[in-house]
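Coordinates as given in work-v7.tsv (TSV, C-alpha atoms):
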chain	number	residue	atom	x	y	z
T	23	MET	CA	69.87	-157.85	77.07
T	24	ASN	CA	68.49	-156.21	80.21
T	25	PHE	CA	66.45	-159.32	80.92
T	26	LEU	CA	69.57	-161.49	80.80
T	27	LEU	CA	71.58	-159.11	83.00
T	28	ILE	CA	68.87	-158.96	85.68
T	29	ASN	CA	68.43	-162.71	85.56
T	30	PHE	CA	72.17	-163.29	85.87
T	31	PHE	CA	72.37	-160.88	88.83
T	32	LEU	CA	69.41	-162.51	90.63
T	33	ILE	CA	70.64	-166.04	90.08
T	34	SER	CA	74.13	-165.20	91.34
T	35	LEU	CA	72.52	-163.68	94.47
T	36	LEU	CA	70.53	-166.91	94.79
T	37	LEU	CA	73.74	-168.95	94.67
T	38	ILE	CA	75.39	-166.73	97.30
T	39	THR	CA	72.33	-167.12	99.58
T	40	THR	CA	72.40	-170.90	99.12
T	41	PHE	CA	76.10	-170.97	100.04
T	42	PHE	CA	75.44	-169.06	103.26
T	43	ILE	CA	72.44	-171.27	104.12
T	44	PHE	CA	74.85	-174.20	104.17
T	45	LYS	CA	77.54	-172.29	105.99
T	46	THR	CA	75.61	-170.90	108.97
T	47	THR	CA	75.00	-172.98	112.09
T	48	SER	CA	72.40	-170.74	113.75
T	49	LEU	CA	68.84	-171.86	113.10
T	50	ILE	CA	67.36	-168.35	113.05
T	51	SER	CA	69.81	-167.17	110.40
T	52	VAL	CA	69.00	-170.21	108.28
T	53	VAL	CA	65.31	-169.29	108.51
T	54	ALA	CA	66.02	-165.66	107.59
T	55	LEU	CA	68.21	-166.71	104.67
T	56	THR	CA	65.53	-169.10	103.41
T	57	GLY	CA	63.11	-166.16	103.45
T	58	ALA	CA	65.59	-164.12	101.41
T	59	PHE	CA	65.96	-167.08	99.04
T	60	THR	CA	62.22	-167.26	98.29
T	61	LEU	CA	62.07	-163.46	97.92
T	62	LEU	CA	64.82	-163.68	95.29
T	63	CYS	CA	62.85	-166.48	93.61
T	64	SER	CA	59.80	-164.22	93.42
T	65	ALA	CA	61.96	-161.46	91.90
T	66	ILE	CA	63.04	-163.98	89.25
T	67	TYR	CA	59.38	-164.81	88.55
T	68	VAL	CA	58.61	-161.10	88.10
T	69	ASN	CA	61.48	-160.92	85.64
T	70	LEU	CA	59.93	-163.86	83.76
T	71	ASP	CA	56.57	-161.96	83.64
T	72	ALA	CA	54.87	-164.52	85.90
T	73	VAL	CA	53.40	-161.92	88.27
T	74	ASP	CA	50.77	-164.17	89.85
T	75	VAL	CA	53.33	-166.83	90.72
T	76	ALA	CA	55.67	-164.17	92.09
T	77	PHE	CA	52.88	-162.75	94.26
T	78	THR	CA	52.08	-166.18	95.67
T	79	GLU	CA	55.74	-166.93	96.29
T	80	ALA	CA	56.25	-163.61	98.10
T	81	ALA	CA	53.12	-164.02	100.25
T	82	VAL	CA	53.35	-167.72	101.07
T	83	GLY	CA	57.04	-168.53	100.65
T	84	SER	CA	58.73	-165.57	102.23
T	85	GLY	CA	55.80	-164.40	104.39
T	86	ILE	CA	53.86	-167.10	106.18
T	87	SER	CA	56.35	-169.97	105.96
T	88	THR	CA	59.14	-167.80	107.35
T	89	ILE	CA	56.90	-166.85	110.31
T	90	LEU	CA	56.01	-170.50	110.94
T	91	MET	CA	59.66	-171.54	110.69
T	92	VAL	CA	60.64	-168.80	113.17
T	93	MET	CA	57.95	-170.11	115.54
T	94	ALA	CA	59.27	-173.66	115.14
T	95	ALA	CA	62.87	-172.53	115.65
T	96	ALA	CA	61.88	-170.63	118.79
T	97	LYS	CA	60.36	-173.82	120.23
T	98	LEU	CA	63.56	-175.82	119.76
T	99	PRO	CA	66.10	-176.04	122.59
T	100	GLU	CA	68.98	-173.59	122.23
T	101	GLY	CA	72.67	-174.28	121.96
T	102	LYS	CA	72.49	-177.54	120.04
T	103	LYS	CA	74.67	-177.54	116.97
T	104	ASN	CA	74.13	-179.73	113.99
T	105	LYS	CA	76.95	-182.24	113.65
T	106	LEU	CA	77.47	-183.99	110.35
T	107	ILE	CA	79.15	-187.27	111.16
T	108	ASN	CA	79.75	-188.68	107.70
T	109	LEU	CA	79.65	-186.37	104.70
T	110	PHE	CA	80.42	-189.01	102.09
T	111	PRO	CA	76.87	-190.41	101.38
T	112	SER	CA	75.35	-186.94	101.17
T	113	ILE	CA	78.05	-185.75	98.77
T	114	ILE	CA	77.44	-188.73	96.48
T	115	LEU	CA	73.67	-188.12	96.62
T	116	ALA	CA	74.02	-184.40	95.87
T	117	VAL	CA	76.43	-184.93	92.97
T	118	SER	CA	74.28	-187.64	91.35
T	119	ILE	CA	71.08	-185.59	91.68
T	120	SER	CA	72.75	-182.52	90.16
T	121	LEU	CA	74.09	-184.65	87.28
T	122	ILE	CA	70.55	-185.93	86.58
T	123	LEU	CA	69.17	-182.37	86.69
T	124	ILE	CA	71.88	-181.09	84.31
T	125	ILE	CA	71.07	-183.87	81.83
T	126	ILE	CA	67.36	-182.96	82.05
T	127	ILE	CA	68.05	-179.23	81.60
T	128	ALA	CA	69.93	-179.98	78.36
T	129	ASN	CA	66.74	-181.54	76.97
T	130	LEU	CA	64.36	-178.73	78.00
T	131	PRO	CA	63.05	-176.29	75.36
T	132	LEU	CA	64.66	-172.85	75.34
T	133	LEU	CA	63.26	-170.09	77.57
T	134	GLY	CA	60.34	-168.35	75.81
T	135	ASP	CA	60.36	-170.74	72.85
T	136	PRO	CA	56.91	-170.32	71.19
T	137	ASN	CA	57.07	-173.87	69.83
T	138	ALA	CA	57.59	-175.49	73.22
T	139	PRO	CA	55.06	-178.30	73.84
T	140	ILE	CA	53.41	-176.45	76.74
T	141	HIS	CA	52.55	-173.50	74.49
T	142	LEU	CA	50.90	-175.61	71.80
T	143	HIS	CA	48.35	-177.70	73.70
T	144	VAL	CA	45.38	-175.76	75.16
T	145	VAL	CA	47.05	-172.42	75.87
T	146	PRO	CA	46.37	-170.75	72.46
T	147	GLU	CA	42.69	-171.61	72.79
T	148	TYR	CA	42.48	-170.20	76.33
T	149	LEU	CA	44.31	-167.00	75.39
T	150	LYS	CA	42.15	-166.41	72.31
T	151	GLU	CA	38.76	-167.23	73.78
T	152	SER	CA	38.89	-166.22	77.46
T	153	LYS	CA	38.85	-162.44	77.14
T	154	ASP	CA	35.87	-162.28	74.77
T	155	PHE	CA	33.91	-164.79	76.77
T	156	PHE	CA	34.61	-163.87	80.40
T	157	HIS	CA	35.35	-160.13	80.01
T	158	ILE	CA	37.99	-160.69	82.69
T	159	PRO	CA	41.44	-159.46	81.68
T	160	ASN	CA	43.46	-161.72	83.97
T	161	VAL	CA	43.74	-165.03	82.11
T	162	VAL	CA	45.38	-166.64	85.14
T	163	THR	CA	42.20	-166.10	87.18
T	164	ASN	CA	40.06	-167.48	84.35
T	165	ILE	CA	42.15	-170.63	84.09
T	166	LEU	CA	42.46	-171.04	87.86
T	167	ALA	CA	38.82	-170.54	88.79
T	168	SER	CA	36.88	-171.54	85.70
T	169	TYR	CA	38.75	-173.74	83.22
T	170	ARG	CA	40.51	-175.58	86.02
T	171	GLY	CA	37.88	-175.15	88.73
T	172	PHE	CA	38.14	-178.78	89.80
T	173	ASP	CA	41.90	-178.51	90.37
T	174	THR	CA	41.47	-175.39	92.49
T	175	LEU	CA	38.75	-177.10	94.53
T	176	GLY	CA	41.24	-179.92	95.12
T	177	GLU	CA	43.92	-177.43	96.18
T	178	THR	CA	41.55	-175.76	98.62
T	179	ILE	CA	40.67	-179.13	100.12
T	180	VAL	CA	44.39	-179.95	100.40
T	181	ILE	CA	44.99	-176.73	102.38
T	182	PHE	CA	41.94	-177.45	104.54
T	183	THR	CA	43.16	-180.99	105.23
T	184	ALA	CA	46.64	-179.73	106.08
T	185	GLY	CA	45.11	-177.31	108.59
T	186	LEU	CA	43.00	-180.10	110.10
T	187	GLY	CA	46.09	-182.30	110.39
T	188	VAL	CA	48.11	-179.65	112.19
T	189	ILE	CA	45.22	-178.86	114.53
T	190	ALA	CA	44.73	-182.56	115.31
T	191	LEU	CA	48.45	-183.13	115.95
T	192	LEU	CA	49.39	-180.00	117.87
T	193	THR	CA	46.30	-179.29	119.95
T	194	SER	CA	45.83	-182.83	121.24
T	195	ASN	CA	47.57	-181.70	124.45
T	196	THR	CA	44.82	-179.18	125.16
T	197	LEU	CA	42.12	-181.76	124.65
T	198	ASN	CA	43.91	-184.28	126.89
T	199	ARG	CA	44.22	-181.66	129.58
T	200	LYS	CA	40.51	-180.91	129.38
T	201	THR	CA	39.52	-184.58	129.61
T	202	ASN	CA	41.92	-185.09	132.52
T	203	PHE	CA	40.38	-182.06	134.17
T	204	LYS	CA	36.89	-183.53	133.78
T	205	LYS	CA	38.07	-186.87	135.15
T	206	ASN	CA	39.62	-185.17	138.17
T	207	ASN	CA	36.41	-183.26	138.75
T	208	LYS	CA	34.42	-186.48	138.64
T	209	LYS	CA	36.82	-188.08	141.11
T	210	ASN	CA	36.39	-185.13	143.43
T	211	GLU	CA	32.63	-185.39	143.19
T	212	ARG	CA	32.80	-189.02	144.22
F	21	MET	CA	55.25	-167.21	126.89
F	22	ARG	CA	51.57	-167.32	126.07
F	23	ASP	CA	50.82	-163.82	127.28
F	24	LYS	CA	54.23	-162.39	126.61
F	25	ILE	CA	53.43	-158.89	125.46
F	26	SER	CA	56.00	-156.91	123.60
F	27	SER	CA	57.42	-154.21	125.84
F	28	SER	CA	58.43	-151.96	122.98
F	29	PRO	CA	55.89	-149.18	122.30
F	30	VAL	CA	57.23	-148.84	118.73
F	31	LEU	CA	56.14	-152.37	117.84
F	32	SER	CA	52.66	-152.07	119.32
F	33	VAL	CA	51.96	-148.64	117.80
F	34	VAL	CA	53.26	-149.61	114.35
F	35	SER	CA	51.30	-152.87	114.34
F	36	LYS	CA	48.13	-151.01	115.37
F	37	ILE	CA	48.62	-148.57	112.49
F	38	LEU	CA	49.39	-151.33	110.00
F	39	PHE	CA	46.53	-153.67	110.92
F	40	ALA	CA	43.73	-152.00	108.94
F	41	PRO	CA	45.77	-151.20	105.78
F	42	ILE	CA	46.96	-154.82	105.58
F	43	ILE	CA	43.36	-156.09	105.71
F	44	ILE	CA	42.23	-153.54	103.12
F	45	PHE	CA	45.09	-154.57	100.86
F	46	GLY	CA	44.03	-158.20	101.33
F	47	LEU	CA	40.46	-157.35	100.31
F	48	TYR	CA	41.80	-155.41	97.31
F	49	VAL	CA	43.85	-158.41	96.20
F	50	GLN	CA	40.83	-160.66	96.77
F	51	PHE	CA	38.33	-158.73	94.68
F	52	HIS	CA	40.72	-157.20	92.17
F	53	GLY	CA	42.09	-160.63	91.24
F	54	ASP	CA	40.01	-160.61	88.05
F	55	TYR	CA	41.79	-157.52	86.74
F	56	GLY	CA	45.30	-157.76	88.12
F	57	PRO	CA	47.58	-160.28	89.76
F	58	GLY	CA	46.10	-161.80	92.87
F	59	GLY	CA	43.22	-163.95	93.95
F	60	GLY	CA	41.98	-166.01	96.83
F	61	PHE	CA	45.22	-167.71	97.83
F	62	GLN	CA	47.29	-164.53	98.07
F	63	ALA	CA	44.49	-162.50	99.68
F	64	GLY	CA	43.92	-165.19	102.31
F	65	VAL	CA	47.57	-165.19	103.25
F	66	ILE	CA	47.69	-161.37	103.46
F	67	VAL	CA	44.61	-161.17	105.72
F	68	ALA	CA	46.03	-163.96	107.88
F	69	ALA	CA	49.30	-162.02	108.13
F	70	ALA	CA	47.45	-159.09	109.73
F	71	PHE	CA	45.93	-161.33	112.44
F	72	ILE	CA	49.23	-163.15	112.99
F	73	LEU	CA	50.99	-159.79	113.43
F	74	TYR	CA	48.38	-158.87	116.04
F	75	SER	CA	48.87	-162.14	117.95
F	76	MET	CA	52.66	-161.81	117.77
F	77	ILE	CA	52.69	-158.31	119.23
F	78	PHE	CA	49.84	-158.42	121.76
F	79	GLY	CA	50.12	-162.04	122.88
F	80	LEU	CA	48.30	-165.18	121.89
F	81	SER	CA	45.38	-164.76	124.33
F	82	LYS	CA	44.39	-161.44	122.79
F	83	GLY	CA	44.77	-162.95	119.32
F	84	GLU	CA	42.43	-165.75	120.35
F	85	THR	CA	39.91	-163.23	121.65
F	86	LEU	CA	40.05	-161.43	118.30
F	87	VAL	CA	39.61	-164.68	116.32
F	88	PRO	CA	38.02	-167.29	118.60
F	89	ILE	CA	39.35	-170.78	117.89
F	90	MET	CA	35.98	-172.40	117.27
F	91	ILE	CA	34.78	-169.64	114.91
F	92	ASN	CA	38.08	-169.96	113.05
F	93	ARG	CA	37.53	-173.71	112.65
F	94	TYR	CA	33.94	-173.22	111.45
F	95	LEU	CA	35.15	-170.64	108.90
F	96	MET	CA	37.72	-173.15	107.58
F	97	CYS	CA	34.80	-175.41	106.65
F	98	VAL	CA	32.66	-172.50	105.38
F	99	GLY	CA	35.28	-171.64	102.75
F	100	VAL	CA	35.45	-175.16	101.32
F	101	LEU	CA	31.66	-175.55	101.51
F	102	LEU	CA	31.17	-172.22	99.69
F	103	TYR	CA	33.39	-173.45	96.86
F	104	ALA	CA	31.73	-176.86	96.65
F	105	GLY	CA	28.31	-175.24	97.13
F	106	VAL	CA	28.73	-173.15	93.97
F	107	GLY	CA	29.19	-176.43	92.13
F	108	ILE	CA	26.06	-177.91	93.72
F	109	VAL	CA	24.04	-174.80	92.83
F	110	SER	CA	25.13	-175.06	89.21
F	111	ILE	CA	24.00	-178.71	89.19
F	112	LEU	CA	20.60	-177.65	90.60
F	113	LEU	CA	20.32	-175.04	87.83
F	114	ASP	CA	20.67	-177.77	85.15
F	115	GLY	CA	24.36	-177.25	84.56
F	116	MET	CA	27.39	-179.39	85.18
F	117	TYR	CA	29.38	-179.32	88.44
F	118	LEU	CA	31.25	-175.98	88.71
F	119	ASP	CA	29.79	-174.79	85.39
F	120	TYR	CA	29.25	-171.10	86.16
F	121	ASN	CA	27.42	-170.30	82.89
F	122	VAL	CA	24.05	-171.21	84.41
F	123	LEU	CA	24.42	-168.97	87.48
F	124	SER	CA	22.97	-166.01	85.60
F	125	SER	CA	20.88	-165.50	82.46
F	126	ASP	CA	23.96	-164.14	80.70
F	127	PRO	CA	26.79	-166.77	80.65
F	128	SER	CA	29.48	-164.09	80.96
F	129	THR	CA	27.87	-162.58	84.09
F	130	GLY	CA	27.43	-166.10	85.42
F	131	GLN	CA	31.15	-166.72	85.04
F	132	HIS	CA	31.86	-163.46	86.88
F	133	ILE	CA	29.61	-164.42	89.80
F	134	GLY	CA	31.03	-167.94	89.93
F	135	ILE	CA	34.64	-166.82	89.88
F	136	ILE	CA	34.13	-164.21	92.59
F	137	LEU	CA	32.30	-166.68	94.89
F	138	VAL	CA	34.86	-169.41	94.33
F	139	GLU	CA	37.77	-167.05	95.00
F	140	LEU	CA	36.02	-165.88	98.17
F	141	GLY	CA	35.77	-169.48	99.33
F	142	VAL	CA	39.47	-170.05	98.66
F	143	GLY	CA	40.34	-166.82	100.47
F	144	ILE	CA	38.32	-167.66	103.60
F	145	THR	CA	39.79	-171.16	103.84
F	146	VAL	CA	43.39	-170.05	103.28
F	147	ALA	CA	43.16	-167.17	105.77
F	148	THR	CA	41.59	-169.25	108.54
F	149	VAL	CA	43.91	-172.23	107.99
F	150	MET	CA	46.95	-169.95	108.24
F	151	ILE	CA	45.63	-168.39	111.48
F	152	ALA	CA	44.89	-171.87	112.85
F	153	LEU	CA	48.41	-173.03	111.91
F	154	TYR	CA	49.97	-170.06	113.69
F	155	HIS	CA	47.86	-170.51	116.82
F	156	SER	CA	48.58	-174.25	116.94
F	157	PHE	CA	52.32	-173.69	116.54
F	158	ALA	CA	52.41	-170.85	119.03
F	159	SER	CA	50.43	-172.63	121.74
F	160	PHE	CA	52.23	-175.96	121.31
F	161	GLY	CA	53.98	-177.21	124.39
F	162	GLU	CA	52.57	-174.60	126.77
F	163	VAL	CA	49.70	-176.58	128.24
F	164	ASN	CA	51.67	-178.75	130.62
F	165	GLU	CA	52.17	-175.98	133.16

Turn the structure described in the file into structure tokens.
Amino acid sequence: MNFLLINFFLISLLLITTFFIFKTTSLISVVALTGAFTLLCSAIYVNLDAVDVAFTEAAVGSGISTILMVMAAAKLPEGKKNKLINLFPSIILAVSISLILIIIIANLPLLGDPNAPIHLHVVPEYLKESKDFFHIPNVVTNILASYRGFDTLGETIVIFTAGLGVIALLTSNTLNRKTNFKKNNKKNER
Amino acid sequence: MRDKISSSPVLSVVSKILFAPIIIFGLYVQFHGDYGPGGGFQAGVIVAAAFILYSMIFGLSKGETLVPIMINRYLMCVGVLLYAGVGIVSILLDGMYLDYNVLSSDPSTGQHIGIILVELGVGITVATVMIALYHSFASFGEVNE
């Protein structure tokens, strides 16, 4: 009963936050509200006993991404307001996507159903065997680093590549300036 | 903009006090990930947050002195190479790629060593990539002066 009450409270807060994200016109408040949104999401994950996911969501979603979005918003020119010229196509798109999602939700297994397909495949084996074998209590770490070591390697490489991409895109100005500087120096020498 | 230093003494004092505890908490999350929630991804982000806080309060130049750009970029690679290197070592020890059982005479200890090294690699890469992202975003568009 408590679980349901807390979940209901958090999800209604989530809806209110979403409403205000659409309503505000100031970029900084949208960024702050998005941070609040992900923080509420992580509270929901805690309520669902997914502590590791909640931790990641709180650190990455409401921590670092909010900071990066604030930086990006600070770089944008001030005083420009977003004008929606034609609302009709976006309304049709939003309504059709929500209809599809509602149809999908009706076919999902119930929350916490022990006979859901995801709980019957490899999970029982992992839960039974991992503690005796690894002597590590956190099953999430065992799955992440050992059973699914390849996936985590892939994730790390994805983050690395994303960092490389941002560095290559955003610091090209610095490099250009340095090469121009060298060229100018050479010209002066001549 | 680049060297804009916060004029408020409250901000600079509080960030100086908070810097070390944030990093210690990051290390706790990193190495306690086997026993509680946490692990390399979260720890990397927390450690990066400490450095980003420093650069935000004391200006980007001081942040770049604290974490030089080139060292940061090398560390990005070191994290991924540490992860992949654990796999290579386990191949050399007659195991399969990323099979930690062979890292020690006792398979369980081997798994412990493997998981800690791999999480360390993830943590280093995530922390340095986040710092690099912040520095790239913050210094963007300031070089044309």

Output as a Markdown table one row per residue of chain F within 8 Å of chain T: the closest atom pair and its distance in Å to one decimal place, counting only C-alpha atoms, sorted by chain and residue number ascending.
| residue | atom | partner | partner_atom | distance |
| --- | --- | --- | --- | --- |
| F:Gly53 | CA | T:Thr163 | CA | 6.8 |
| F:Asp54 | CA | T:Asn160 | CA | 5.5 |
| F:Tyr55 | CA | T:Asn160 | CA | 5.3 |
| F:Gly56 | CA | T:Asn160 | CA | 6.0 |
| F:Pro57 | CA | T:Asp74 | CA | 5.0 |
| F:Gly58 | CA | T:Asp74 | CA | 6.0 |
| F:Gly59 | CA | T:Thr163 | CA | 7.2 |
| F:Phe61 | CA | T:Thr78 | CA | 7.4 |
| F:Gln62 | CA | T:Thr78 | CA | 5.6 |
| F:Val65 | CA | T:Ala81 | CA | 6.4 |
| F:Ile66 | CA | T:Ala81 | CA | 6.8 |
| F:Ala69 | CA | T:Ile86 | CA | 7.1 |
| F:Met96 | CA | T:Phe182 | CA | 6.7 |
| F:Cys97 | CA | T:Phe182 | CA | 7.7 |
| F:Val100 | CA | T:Ile179 | CA | 6.7 |
| F:Tyr103 | CA | T:Leu175 | CA | 6.9 |
| F:Ala104 | CA | T:Leu175 | CA | 7.3 |
| F:Leu118 | CA | T:Gly171 | CA | 6.7 |
| F:Asp119 | CA | T:Ser168 | CA | 7.8 |
| F:Tyr120 | CA | T:Ser168 | CA | 7.7 |
| F:Ser128 | CA | T:Phe156 | CA | 5.2 |
| F:Thr129 | CA | T:Phe156 | CA | 7.8 |
| F:Gln131 | CA | T:Phe156 | CA | 6.5 |
| F:His132 | CA | T:Phe156 | CA | 7.1 |
| F:Ile135 | CA | T:Ala167 | CA | 5.7 |
| F:Val138 | CA | T:Ala167 | CA | 6.9 |
| F:Glu139 | CA | T:Ala167 | CA | 7.2 |
| F:Val142 | CA | T:Thr178 | CA | 6.1 |
| F:Thr145 | CA | T:Phe182 | CA | 6.7 |
| F:Val146 | CA | T:Ile181 | CA | 6.9 |
| F:Val149 | CA | T:Gly185 | CA | 5.3 |
| F:Met150 | CA | T:Gly185 | CA | 7.6 |
| F:Ala152 | CA | T:Gly185 | CA | 6.9 |
| F:Leu153 | CA | T:Gly185 | CA | 6.3 |
| F:Tyr154 | CA | T:Leu90 | CA | 6.7 |
| F:Ser156 | CA | T:Leu192 | CA | 5.9 |
| F:Phe157 | CA | T:Met93 | CA | 6.7 |
| F:Ala158 | CA | T:Met93 | CA | 6.6 |
| F:Phe160 | CA | T:Leu192 | CA | 6.0 |
| F:Gly161 | CA | T:Asn195 | CA | 7.8 |
| F:Val163 | CA | T:Thr196 | CA | 6.3 |
| F:Asn164 | CA | T:Asn195 | CA | 8.0 |

Quick one: distance from atom CA of Ile165 of chain T to atom CA of Ser152 of chain T in Å, one decimal?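 Computed distance, atom CA of Ile165 of chain T to atom CA of Ser152 of chain T, equals 8.6 Å.
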
Skipping near chain neighbours, those fewer than 5 positions away, what residues fall within 8 Å of Asn92 of chain F using all atoms listed in the file, listed as a ChimeraX atom specification? /F:87,148,151-152

Gap from atom CA of Ile37 of chain F to atom CA of Leu73 of chain F - Å, one decimal: 11.5 Å

List the spatial neighbours of segment 37-41 of chain T as a ChimeraX atom specification - criterion: any atom at most 10 Å away, all atoms listed in the file, same-chain residues fewer than 5 positions off excluded. /T:32,46,52,55-56,58-59,62

Would you export the selected residues with C-alpha atoms as a PDB file, keeping the file's coordinate frame, please?
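Written file, out20.pdb:
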ATOM      1  CA  LEU T  32      69.410-162.510  90.630  1.00  0.00           C
ATOM      2  CA  THR T  46      75.610-170.900 108.970  1.00  0.00           C
ATOM      3  CA  VAL T  52      69.000-170.210 108.280  1.00  0.00           C
ATOM      4  CA  LEU T  55      68.210-166.710 104.670  1.00  0.00           C
ATOM      5  CA  THR T  56      65.530-169.100 103.410  1.00  0.00           C
ATOM      6  CA  ALA T  58      65.590-164.120 101.410  1.00  0.00           C
ATOM      7  CA  PHE T  59      65.960-167.080  99.040  1.00  0.00           C
ATOM      8  CA  LEU T  62      64.820-163.680  95.290  1.00  0.00           C
TER       9      LEU T  62
END

Figure out the distance between atom CA of Ser124 of chain F and atom CA of Leu102 of chain F, please, to one decimal in Å.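 These two atoms are separated by 17.4 Å.
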
If you count all atoms listed in the file, which residues fall within 9 Å of Val109 of chain F, apart from same-chain ones fewer than 6 positions away, as number ranges by chain? F: 115, 117-118, 123

T:Pro111, T:Gly57, T:Ala65, T:Gly134: which is nearest Ile43 of chain T, counting only C-alpha atoms? T:Gly57
